[in-house]
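**Student:** I have a structure here, written as structure tokens, and I will follow up with some questions on it.
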Amino acid sequence: MSELQRAVDLLRAGELVAFPTETVYGLGADARNADAVGKIFAAKGRPADHPLIVHIPDATQLSQWAIDIPAVAHSLAAAFWPGPLTLILKRAADVPDLVTGGQDTIGLRVPNHPIALELLRHFNGGLAAPSANRFGHISPTTAAHVAEELSDRVALILDGGPCTVGIESTILDLSRGPPEILRPGAIGVEAIARVIGSAPRVLSGAAAPRVSGSLEAHYAPRTPLKLLAGDALPFAVRHAMVANERVAILACMPPAITDERIVWRIAPTDAVGFARELYAHLRDLDAAGCAHIVVQRPPGTELWRAVNDRLRRAAAGSGQT
Ligand code: TXA
Ligand code: MG
């Protein structure tokens with residue numbers, strides 16, 4: 001039996017299957033099966049009132065999950081699906097409450113990854129899938145990351161290689177009037193504005209309480225993380241030397257000095273490349289046994305919005321166990 005058929009059989013039997021998407025790996029369950037969805041919350045340690053995104057094979061299945069679908073939803077789906085955009089719409093009445101966290105809305109997206117699409121087409125339904133990490137921790141961008149945290153809690157992990165986008169989808173709320181971005185991602189304000197004719201508002205984390213990814217302490221390594229301007233990195237290094245501590249540094253440039261106490265990773269200088277590698281770097285640096293992780297603060301421009309959002313939350317939530 002092919003691995004894909006095994007995955008479909010397990011999902012139909014109410015088991016959890018982790019699968020790759022272009023953004024991060026998802027922890028999937030049959031979204032119509034409340035018992036199966038319940039296993040996601042147990043495996044992640046996620047509070048039950050945090051809603052899940054339902055992944056569908058194509059936009060024609062939108063109407064099986066949502067009602068009162070505005071015309072812009074169809075335009076956005078045509079422009080960006082399959083792709084890293086989640087649309088929040090009014091939910092259909094028969095969606096299990098656990099999927100929506102008891103809210104009257106539902107998050108839907110068509111992921112752009114050949115394995116995810118093949119799985120969804122064979123399953124021919126909706127898969128509820130949060131990022132396949134323990135609650136509050138860093139999202140996984142490889143199958144090995146999923147196995148590190150969830151191997152004993154998931155029936156099967158499909159390996160689709162490293163994720164190409166690397167950070168979670170943009171979440172756009174279309175359920176209550178003018179479109180609002182609840183979570184920034186690879187599809188930015190300008191790309192959305194080109195399709196809907198005006199720039200969507202971007203809600204700050206505090207204003208978007210129903211998005212668990214918007215909690216201040218999220219996407220966080222266990223090692224305390226701080227952001228520093230590039231020209232302040234030598235001070236962080238000197239401080240670590242004086243304190244005789246190990247320090248982990250993620251920067252877009254090579255180190256000025258090398259020392260066994262410095263774990264230095266070079267990140268891409270472009271926002272797309274930086275996002276793709278970010279979570280793998282944070283995991284590695286978190287495992288390096290350092291007193292601190294220092295990340296060179298990226299530019300504050302629109303292109304870097306989603307990366308800066310994740311880094312800010314990682315800094316806010318880091319060091320918590
Ligand atoms: O890229 C992604 O979106 C990945 C991949 C696997 O698709 N999934 C992901 O899921 O990041 P998760 O559960 O880690 O984050 C989904 C976010 C949560 O913050 C949740 O609160 C929000 O989507 N969300 C889901 N349904 C919602 C709704 N009806 N209203 C507001 N926020 C919602
Ligand atoms: Mg998540």
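Residues are referred to by chain and number: the chain letter is A, B, ... according to the order shown in the structure tokens, the number counts from 1 in that chain, and ligands are numbered separately from 1 in the order shown.
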Which residues come within 8 Å of Val8 in chain A, counting only C-alpha atoms, excluding same-chain residues fewer than 2 positions away, as number ranges by chain?
**Tutor:** A: 4-6, 10-12, 119, 122-123
**Student:** Those residues you just picked out, can you put them in a file as a short mmCIF file (atom, residue, chain, number, x, y, z; two decimals), in the first residue's frame with C-alpha atoms?
**Tutor:**
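What follows is the written file result.cif:
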```
data_model
loop_
_atom_site.label_atom_id
_atom_site.label_comp_id
_atom_site.auth_asym_id
_atom_site.auth_seq_id
_atom_site.Cartn_x
_atom_site.Cartn_y
_atom_site.Cartn_z
CA LEU A 4 -0.45 8.21 0.75
CA GLN A 5 -3.17 5.54 0.86
CA ARG A 6 -2.07 4.66 4.38
CA LEU A 10 -5.57 6.56 9.01
CA LEU A 11 -7.38 9.90 8.61
CA ARG A 12 -10.65 8.13 7.75
CA LEU A 119 -3.49 13.93 0.31
CA HIS A 122 -7.50 11.53 -2.17
CA PHE A 123 -9.13 12.26 1.18
#
```
**Student:** Can you list, as a VMD selection string, all residues belonging to range 122-183 of chain A that DSSP tags as strand (DSSP E)?
**Tutor:** chain A and resid 127 to 128 156 to 157 170 to 173 180 to 183
**Student:** I need the helix (DSSP H, G or I) residues of range 133-276 of chain A per DSSP on the backbone, written as a PyMOL selection string.
**Tutor:** chain A and resi 143-153+189-196+205-207+212-214+230-243+271-276
**Student:** Taking only C-alpha atoms and all ligand atoms into account, report as a PyMOL selection string which residues have an atom no farther than 6 Å from an atom of ligand 1.
**Tutor:** chain A and resi 23-26+50-53+88+100+105-107+129-131+168-169+210-213
**Student:** Using only C-alpha atoms, which residue out of A:Ile187, A:Leu27, A:Ile115, A:Leu182 lies closest to Pro84 in chain A?
**Tutor:**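 That would be A:Ile187, the residue with the smallest distance to Pro84 in chain A.
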**Student:** Counting only C-alpha atoms, figure out which residue out of A:Val110, A:Ala306, A:Ala143, A:Ile157 gets nearest to Ala186 in chain A.
**Tutor:**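 Smallest distance to Ala186 in chain A is found for A:Ala306.
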**Student:** Using only C-alpha atoms for the distances, tell me which of A:Asn33, A:Asn112, A:Thr170, A:Ser204 is nearest to Arg312 in chain A.
**Tutor:** A:Ser204
**Student:** Which neighbours of Leu117 in chain A fall inside 12 Å, counting only C-alpha atoms, when residues of the same chain fewer than 2 positions from it are skipped, and could you give them as JSON, numbers by chain?
**Tutor:** {"A": [4, 19, 20, 21, 22, 55, 56, 57, 58, 81, 82, 83, 109, 110, 111, 112, 113, 114, 115, 119, 120, 121, 122, 123, 124, 125, 126, 127, 160]}
